[in-house]
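Novice: Below are the structure tokens for one structure; questions will follow.
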Amino acid sequence: MNKIIKSASAFLGILVLASCSKNQEPKKTSEEPLNIIFMVGDGMGVPQVSSAFYFGEEIPNFKQFKSIGLSRTSSVSHLITDSAAGATAFSTGEKTYKRAIGVSKDTISLPTILEQLQAKGYQTGLACLTSLTHATPAAFYAHVKDRDMHEEIADYLVNAHVDFLAGGGKKFLSKRKDGRNLFDTLIKQNYKLDTLALSEIDPTRPNAFFLTENELPNKIQGRKDFLPEATKKGLDYFSANKKPFFFMVEGSFIDWGGHAKDDKMMIEEVLDFDKTIGVVLDFVKTHPNTLLVVTADHETGGVSIGKFYEEDAQGNKKEVPNKVQVYFNTDQHSTELVPVFAKGKGEELFRGIYENNEIYHKLIKAIGN
């Protein structure tokens with residue numbers, strides 16, 4: 001009997017020790033915040049993406065994605081949207097009227113994902129080929145009723161405390177109707193400011209690269225690798241600071257190629273954007289706590305890729321079996337569904353077909369807020 005009591009006592013002692021040991025285990029720390037890289041191919045529909053497979057010399061980086069969806073782009077005022085309403089849907093999660101920047105259909109300011117993540121300690125960045133006050137980047141930090149209010153948008157920009165900026169738009173900061181030079185504001189905020197080149201980053205303070213008066217040149221005009229290089233510098237900057245970040249990168253001139261019905265321009269801009277995607281995918285591979293989402297605000301040009309014909313001196317056409325060409329149905333935006341590509345943590349959220357403002361809510365869900 002005594003042996004049984006001793007055995008029971010010993011067993012209870014082990015349970016108590018185990019319980020104490022369990023209670024003394026350090027609490028698990030919360031999961032590391034998710035990095036978000038959001039890439040917009042302005043005007044990039046499925047045909048534009050397809051062009052990378054037929055006109056590029058290498059396997060497109062688009063092919064690396066397994067999680068792919070489709071987005072419906074219409075605004076509340078127009079079935080065929082513009083970049084302002086499209087980007088506002090991405091940045092706020094709410095559809096609005098055509099030309100609106102960061103405001104609701106009733107012109108009420110809406111908090112953007114960039115602003116919300118800043119409040120949570122995120123670093124933020126914007127890189128584009130247009131002015132940094134243009135519709136797509138502006139929708140992430142500004143709140144105005146019309147996209148052409150560039151000087152008002154610039155006021156928002158210099159007070160938005162974005163950590164990394166790369167693009168054009170000098171004239172909206174320094175050649176203003178009100179005579180102010182907003183570069184002085186950035187300098188007072190300790191920005192490393194460069195208006196001449198994509199120079200080396202300074203990870204100890206915010207960086208701003210404004211390289212042209214308005215937009216940068218397009219690829220046909222001789223632009224080199226600005227977008228992939230600016231994107232790489234932004235990622236290097238964020239990595240050096242070792243904090244979570246939100247980074248929006250826009251391939252702006254795919255849209256402009258569609259408006260111009262310029263197949264060469266459109267193709268070259270798609271390939272440049274695809275090259276930039278490759279830079280980001282390399283980053284995602286080595287930083288698994290990152291989500292990359294690539295999409296478009298709308299399609300431009302009503303593009304299709306069809307048969308290529310050669311024509312002889314008599315005007316007779318003959319199909320060339322191993323060649324294709326780009327056809328434009330319009331020089332305006334269309335209402336085609338546009339692709340959504342996702343890679344990284346939470347990528348499965350972006351499969352399926354949904355409205356463009358749902359992309360915001362999917363990003364928030366992936367972040368865990």
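Please note that chains go A, B, ... in the order of the structure tokens, that every chain numbers its residues from 1, and that ligands are numbered from 1 in the order shown.
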What's around A:Asn322 at 12 Å? Count only C-alpha atoms, leave out sequence neighbours fewer than 2 positions away in its own chain, and write the answer as an MDAnalysis selection string.
Specialist: chainID A and resid 54:55 306:310 319:320 324:325
Novice: Can those selected residues be exported to a file as a short mmCIF file (atom, residue, chain, number, x, y, z; two decimals), in the first residue's frame so that it contains N, CA, C and O atoms?
Specialist:
data_model
loop_
_atom_site.label_atom_id
_atom_site.label_comp_id
_atom_site.auth_asym_id
_atom_site.auth_seq_id
_atom_site.Cartn_x
_atom_site.Cartn_y
_atom_site.Cartn_z
N TYR A 54 5.27 36.21 -76.88
CA TYR A 54 5.45 36.12 -78.33
C TYR A 54 6.54 37.04 -78.88
O TYR A 54 7.07 36.80 -79.96
N PHE A 55 6.86 38.09 -78.13
CA PHE A 55 7.81 39.07 -78.65
C PHE A 55 9.08 39.19 -77.81
O PHE A 55 10.02 39.88 -78.21
N GLY A 306 -3.01 38.64 -83.12
CA GLY A 306 -3.55 37.78 -84.18
C GLY A 306 -2.55 37.49 -85.29
O GLY A 306 -1.34 37.67 -85.13
N LYS A 307 -3.08 37.07 -86.41
CA LYS A 307 -2.25 36.62 -87.52
C LYS A 307 -1.38 37.75 -88.10
O LYS A 307 -1.80 38.91 -88.15
N PHE A 308 -0.20 37.36 -88.53
CA PHE A 308 0.72 38.29 -89.21
C PHE A 308 0.68 37.99 -90.71
O PHE A 308 0.81 36.84 -91.13
N TYR A 309 0.50 39.03 -91.49
CA TYR A 309 0.42 38.86 -92.94
C TYR A 309 1.56 39.63 -93.64
O TYR A 309 1.91 40.75 -93.23
N GLU A 310 2.07 39.01 -94.67
CA GLU A 310 2.97 39.72 -95.58
C GLU A 310 2.18 40.09 -96.82
O GLU A 310 1.30 39.35 -97.25
N GLU A 319 -0.51 34.80 -95.00
CA GLU A 319 -0.22 34.59 -93.58
C GLU A 319 1.18 34.00 -93.40
O GLU A 319 1.59 33.10 -94.12
N VAL A 320 1.89 34.52 -92.39
CA VAL A 320 3.19 33.96 -91.99
C VAL A 320 2.92 33.09 -90.76
O VAL A 320 2.58 33.62 -89.69
N VAL A 324 3.17 36.60 -85.29
CA VAL A 324 1.89 37.22 -84.90
C VAL A 324 2.09 38.72 -84.82
O VAL A 324 3.22 39.22 -84.80
N GLN A 325 0.98 39.45 -84.75
CA GLN A 325 1.08 40.90 -84.60
C GLN A 325 0.00 41.42 -83.67
O GLN A 325 -1.00 40.74 -83.39
#
Novice: Run DSSP on the backbone of this structure and report the residues of stretch 63-263 of chain A it assigns to alpha helix (DSSP H), as a VMD selection string.
Specialist: chain A and resid 83 to 92 113 to 118 135 to 138 150 to 158 171 to 174 183 to 188 226 to 241 253 to 259 263
Novice: Excluding A:Phe62 and residues on its chain fewer than 6 positions from it, collect all residues at most 12 Å away from it, counting only C-alpha atoms, and give them as a short mmCIF file (atom, residue, chain, number, x, y, z; two decimals) with all heavy atoms, in the first residue's frame.
Specialist:
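Final output, saved to part-v4.cif:
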data_model
loop_
_atom_site.label_atom_id
_atom_site.label_comp_id
_atom_site.auth_asym_id
_atom_site.auth_seq_id
_atom_site.Cartn_x
_atom_site.Cartn_y
_atom_site.Cartn_z
N VAL A 46 -4.87 40.96 -70.43
CA VAL A 46 -4.31 39.64 -70.78
C VAL A 46 -3.55 39.68 -72.11
O VAL A 46 -2.48 39.08 -72.23
CB VAL A 46 -5.43 38.58 -70.80
CG1 VAL A 46 -4.91 37.25 -71.34
CG2 VAL A 46 -6.00 38.39 -69.39
N GLN A 48 -1.82 42.12 -73.41
CA GLN A 48 -0.52 42.76 -73.17
C GLN A 48 0.43 41.77 -72.50
O GLN A 48 1.61 41.69 -72.88
CB GLN A 48 -0.70 44.01 -72.30
CG GLN A 48 -1.25 45.22 -73.04
CD GLN A 48 -2.76 45.23 -73.18
OE1 GLN A 48 -3.44 44.25 -72.87
NE2 GLN A 48 -3.30 46.34 -73.64
N VAL A 49 -0.06 41.03 -71.51
CA VAL A 49 0.77 40.01 -70.86
C VAL A 49 1.18 38.97 -71.90
O VAL A 49 2.34 38.54 -71.96
CB VAL A 49 0.01 39.34 -69.69
CG1 VAL A 49 0.80 38.16 -69.14
CG2 VAL A 49 -0.26 40.36 -68.58
N SER A 50 0.24 38.58 -72.76
CA SER A 50 0.53 37.58 -73.79
C SER A 50 1.66 38.02 -74.71
O SER A 50 2.44 37.20 -75.21
CB SER A 50 -0.73 37.30 -74.61
OG SER A 50 -1.78 36.83 -73.81
N SER A 51 1.75 39.33 -74.94
CA SER A 51 2.79 39.83 -75.86
C SER A 51 4.19 39.48 -75.37
O SER A 51 5.10 39.29 -76.19
CB SER A 51 2.65 41.35 -76.04
OG SER A 51 3.06 42.06 -74.88
N ALA A 52 4.37 39.36 -74.06
CA ALA A 52 5.69 39.01 -73.53
C ALA A 52 6.09 37.60 -73.94
O ALA A 52 7.28 37.28 -74.03
CB ALA A 52 5.68 39.13 -72.00
N PHE A 53 5.11 36.75 -74.20
CA PHE A 53 5.38 35.36 -74.59
C PHE A 53 5.69 35.24 -76.08
O PHE A 53 6.30 34.26 -76.50
CB PHE A 53 4.19 34.48 -74.23
CG PHE A 53 4.03 34.26 -72.75
CD1 PHE A 53 3.43 35.23 -71.95
CD2 PHE A 53 4.48 33.10 -72.15
CE1 PHE A 53 3.28 35.03 -70.58
CE2 PHE A 53 4.34 32.89 -70.78
CZ PHE A 53 3.75 33.86 -69.99
N GLY A 56 9.12 38.56 -76.65
CA GLY A 56 10.31 38.61 -75.82
C GLY A 56 11.31 37.52 -76.20
O GLY A 56 10.95 36.50 -76.82
N ILE A 68 -3.25 32.96 -59.88
CA ILE A 68 -3.66 33.95 -60.87
C ILE A 68 -5.17 34.14 -60.79
O ILE A 68 -5.93 33.18 -60.65
CB ILE A 68 -3.25 33.51 -62.28
CG1 ILE A 68 -1.74 33.26 -62.34
CG2 ILE A 68 -3.67 34.54 -63.33
CD1 ILE A 68 -1.27 32.59 -63.62
N VAL A 270 5.86 46.40 -71.81
CA VAL A 270 5.49 45.15 -71.13
C VAL A 270 6.75 44.36 -70.76
O VAL A 270 6.88 43.85 -69.64
CB VAL A 270 4.56 44.29 -72.01
CG1 VAL A 270 4.39 42.90 -71.41
CG2 VAL A 270 3.20 44.96 -72.16
N LEU A 271 7.70 44.29 -71.67
CA LEU A 271 8.93 43.55 -71.40
C LEU A 271 9.74 44.21 -70.28
O LEU A 271 10.35 43.52 -69.45
CB LEU A 271 9.77 43.44 -72.68
CG LEU A 271 9.17 42.58 -73.80
CD1 LEU A 271 10.03 42.66 -75.06
CD2 LEU A 271 9.01 41.13 -73.35
N PHE A 273 8.42 45.94 -67.83
CA PHE A 273 7.67 45.64 -66.60
C PHE A 273 7.94 44.20 -66.16
O PHE A 273 8.14 43.92 -64.97
CB PHE A 273 6.18 45.86 -66.85
CG PHE A 273 5.33 45.81 -65.61
CD1 PHE A 273 5.54 46.66 -64.55
CD2 PHE A 273 4.27 44.90 -65.52
CE1 PHE A 273 4.75 46.62 -63.41
CE2 PHE A 273 3.47 44.84 -64.40
CZ PHE A 273 3.70 45.71 -63.34
N ASP A 274 7.98 43.29 -67.12
CA ASP A 274 8.28 41.90 -66.81
C ASP A 274 9.68 41.76 -66.22
O ASP A 274 9.90 40.96 -65.29
CB ASP A 274 8.14 41.04 -68.06
CG ASP A 274 8.37 39.56 -67.79
OD1 ASP A 274 7.50 38.94 -67.15
OD2 ASP A 274 9.42 39.04 -68.20
N LYS A 275 10.63 42.52 -66.74
CA LYS A 275 11.99 42.51 -66.18
C LYS A 275 11.98 42.99 -64.74
O LYS A 275 12.68 42.44 -63.87
CB LYS A 275 12.91 43.39 -67.04
CG LYS A 275 14.36 43.38 -66.61
CD LYS A 275 15.22 44.16 -67.60
CE LYS A 275 16.69 44.09 -67.21
NZ LYS A 275 17.54 44.81 -68.20
N THR A 276 11.18 44.01 -64.47
CA THR A 276 11.06 44.53 -63.11
C THR A 276 10.42 43.50 -62.19
O THR A 276 10.84 43.34 -61.03
CB THR A 276 10.24 45.83 -63.11
OG1 THR A 276 10.79 46.74 -64.07
CG2 THR A 276 10.25 46.49 -61.75
N ILE A 277 9.43 42.77 -62.70
CA ILE A 277 8.82 41.68 -61.93
C ILE A 277 9.89 40.66 -61.55
O ILE A 277 9.91 40.13 -60.43
CB ILE A 277 7.68 41.02 -62.73
CG1 ILE A 277 6.49 41.97 -62.86
CG2 ILE A 277 7.23 39.71 -62.08
CD1 ILE A 277 5.41 41.49 -63.82
N GLY A 278 10.82 40.38 -62.48
CA GLY A 278 11.89 39.44 -62.19
C GLY A 278 12.75 39.88 -61.01
O GLY A 278 13.15 39.07 -60.16
N VAL A 280 11.74 41.67 -58.50
CA VAL A 280 10.93 41.48 -57.29
C VAL A 280 10.81 40.00 -56.93
O VAL A 280 10.89 39.63 -55.76
CB VAL A 280 9.55 42.14 -57.46
CG1 VAL A 280 8.70 41.90 -56.21
CG2 VAL A 280 9.70 43.63 -57.72
N LEU A 281 10.63 39.15 -57.93
CA LEU A 281 10.52 37.71 -57.65
C LEU A 281 11.80 37.18 -57.02
O LEU A 281 11.76 36.33 -56.12
CB LEU A 281 10.20 36.95 -58.94
CG LEU A 281 8.77 37.08 -59.44
CD1 LEU A 281 8.64 36.49 -60.84
CD2 LEU A 281 7.78 36.40 -58.49
N VAL A 293 1.94 41.16 -55.37
CA VAL A 293 0.72 41.15 -56.17
C VAL A 293 0.95 42.04 -57.39
O VAL A 293 1.39 43.19 -57.25
CB VAL A 293 -0.50 41.65 -55.37
CG1 VAL A 293 -1.74 41.72 -56.27
CG2 VAL A 293 -0.77 40.72 -54.19
N VAL A 294 0.68 41.50 -58.57
CA VAL A 294 0.85 42.23 -59.83
C VAL A 294 -0.50 42.28 -60.54
O VAL A 294 -1.14 41.24 -60.74
CB VAL A 294 1.87 41.52 -60.75
CG1 VAL A 294 2.06 42.32 -62.04
CG2 VAL A 294 3.20 41.31 -60.03
N THR A 295 -0.94 43.47 -60.90
CA THR A 295 -2.22 43.58 -61.59
C THR A 295 -2.24 44.82 -62.47
O THR A 295 -1.21 45.44 -62.72
CB THR A 295 -3.39 43.59 -60.58
OG1 THR A 295 -4.63 43.46 -61.29
CG2 THR A 295 -3.40 44.84 -59.73
N PRO A 339 -5.71 40.69 -65.49
CA PRO A 339 -5.13 39.63 -64.67
C PRO A 339 -4.62 40.13 -63.33
O PRO A 339 -4.24 41.30 -63.18
CB PRO A 339 -3.98 39.12 -65.54
CG PRO A 339 -3.58 40.30 -66.36
CD PRO A 339 -4.85 41.06 -66.63
N VAL A 340 -4.60 39.22 -62.37
CA VAL A 340 -3.98 39.45 -61.06
C VAL A 340 -3.06 38.27 -60.79
O VAL A 340 -3.49 37.12 -60.80
CB VAL A 340 -5.04 39.55 -59.93
CG1 VAL A 340 -4.36 39.90 -58.61
CG2 VAL A 340 -6.12 40.56 -60.27
N PHE A 341 -1.78 38.58 -60.58
CA PHE A 341 -0.79 37.55 -60.28
C PHE A 341 -0.32 37.73 -58.83
O PHE A 341 -0.09 38.86 -58.40
CB PHE A 341 0.43 37.68 -61.20
CG PHE A 341 0.11 37.61 -62.66
CD1 PHE A 341 -0.21 38.75 -63.38
CD2 PHE A 341 0.16 36.40 -63.34
CE1 PHE A 341 -0.49 38.70 -64.74
CE2 PHE A 341 -0.12 36.33 -64.70
CZ PHE A 341 -0.44 37.48 -65.39
N ALA A 342 -0.17 36.63 -58.10
CA ALA A 342 0.29 36.73 -56.71
C ALA A 342 1.35 35.69 -56.43
O ALA A 342 1.29 34.56 -56.93
CB ALA A 342 -0.88 36.58 -55.75
N LYS A 343 2.33 36.09 -55.62
CA LYS A 343 3.42 35.19 -55.25
C LYS A 343 3.84 35.49 -53.83
O LYS A 343 4.05 36.64 -53.46
CB LYS A 343 4.61 35.41 -56.20
CG LYS A 343 5.72 34.40 -56.05
CD LYS A 343 5.39 33.11 -56.78
CE LYS A 343 6.60 32.21 -56.92
NZ LYS A 343 6.28 30.95 -57.63
#
Novice: Pick the closest to A:Ile359 from A:Ile59, A:Ala160, A:Ala89, A:Ile36: which is it, counting only C-alpha atoms?
Specialist: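 Distance minimum relative to A:Ile359 lands on A:Ala89.
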Novice: Between A:Ile187, A:Leu126, A:Leu34, A:Met44, which has the minimum distance to A:His259 (counting only C-alpha atoms)?
Specialist: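 Using only C-alpha atoms, A:His259 sits closest to A:Met44.
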Novice: Report as a VMD selection string all protein, DNA and RNA residues lying within 7 Å of A:Ala87, evaluated on only C-alpha atoms, omitting residues in the same chain fewer than 6 positions from it.
Specialist: chain A and resid 136 139 297
Novice: The selected residues should be written to file as a tab-separated table (two decimals), in the first residue's frame (atoms: C-alpha atoms).
Specialist:
chain	number	residue	atom	x	y	z
A	136	THR	CA	-1.78	55.77	-59.84
A	139	ALA	CA	-4.11	57.50	-55.11
A	297	ASP	CA	-5.98	49.27	-63.23
Novice: Pull the strand (DSSP E) assignments for stretch 30-234 of chain A out of DSSP run on the backbone, and list those residues as number ranges by chain.
Specialist: A: 35-41, 67-72, 123-131, 164-168, 192-194, 207-210
Novice: Select, from A:Leu132, A:Pro288, A:Ser67, A:Lys242, the residue with the minimum atom-to-atom distance to A:Phe350, counting only C-alpha atoms.
Specialist: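 Selected residue with least distance to A:Phe350: A:Ser67.
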Novice: Show which residues sit within 7 Å of A:Gly346, as a PyMOL selection string. Count only C-alpha atoms, and ignore same-chain residues fewer than 2 positions away.
Specialist: chain A and resi 291+344+348-349+366
Novice: Store the residues of this selection in a file with N, CA, C and O atoms, as a short mmCIF file (atom, residue, chain, number, x, y, z; two decimals), in the first residue's frame.
Specialist:
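Output file result-v8.cif follows:
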data_model
loop_
_atom_site.label_atom_id
_atom_site.label_comp_id
_atom_site.auth_asym_id
_atom_site.auth_seq_id
_atom_site.Cartn_x
_atom_site.Cartn_y
_atom_site.Cartn_z
N LEU A 291 4.72 39.29 -49.75
CA LEU A 291 3.66 39.00 -50.72
C LEU A 291 3.79 39.96 -51.88
O LEU A 291 3.81 41.19 -51.70
N GLY A 344 3.97 34.42 -53.03
CA GLY A 344 4.43 34.60 -51.67
C GLY A 344 3.35 34.27 -50.65
O GLY A 344 2.33 33.65 -50.96
N GLU A 348 -2.69 32.61 -52.27
CA GLU A 348 -3.90 31.87 -52.62
C GLU A 348 -5.16 32.75 -52.53
O GLU A 348 -6.20 32.44 -53.13
N LEU A 349 -5.09 33.85 -51.80
CA LEU A 349 -6.24 34.75 -51.65
C LEU A 349 -6.63 35.41 -52.97
O LEU A 349 -7.76 35.89 -53.13
N ALA A 366 -4.31 39.28 -45.91
CA ALA A 366 -2.99 38.63 -45.93
C ALA A 366 -2.09 39.17 -44.85
O ALA A 366 -1.33 38.42 -44.20
#
Novice: With distances taken over only C-alpha atoms, which of A:Asn316, A:Thr112, A:Ser304, A:Ser104 is nearest to A:Phe328?
Specialist: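 Selected residue with least distance to A:Phe328: A:Ser304.
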Novice: I want to know what sits within 12 Å of A:Gln221, based on only C-alpha atoms, with residues of the same chain fewer than 3 positions away left out; could you give that as a ChimeraX atom specification?
Specialist: /A:215-218,224,253,264-265,268-269
Novice: Residues within 10 Å of A:Ser75, please, as an NGL selection string. Count only C-alpha atoms; anything in the same chain fewer than 6 positions from it doesn't count.
Specialist: :A and (81-82 or 84-86 or 88-89 or 94-100 or 105 or 355-357)
Novice: Please report the interatomic distance between atom CA of A:Val158 and atom CA of A:Leu227 in Å with one decimal.
Specialist: 21.7 Å
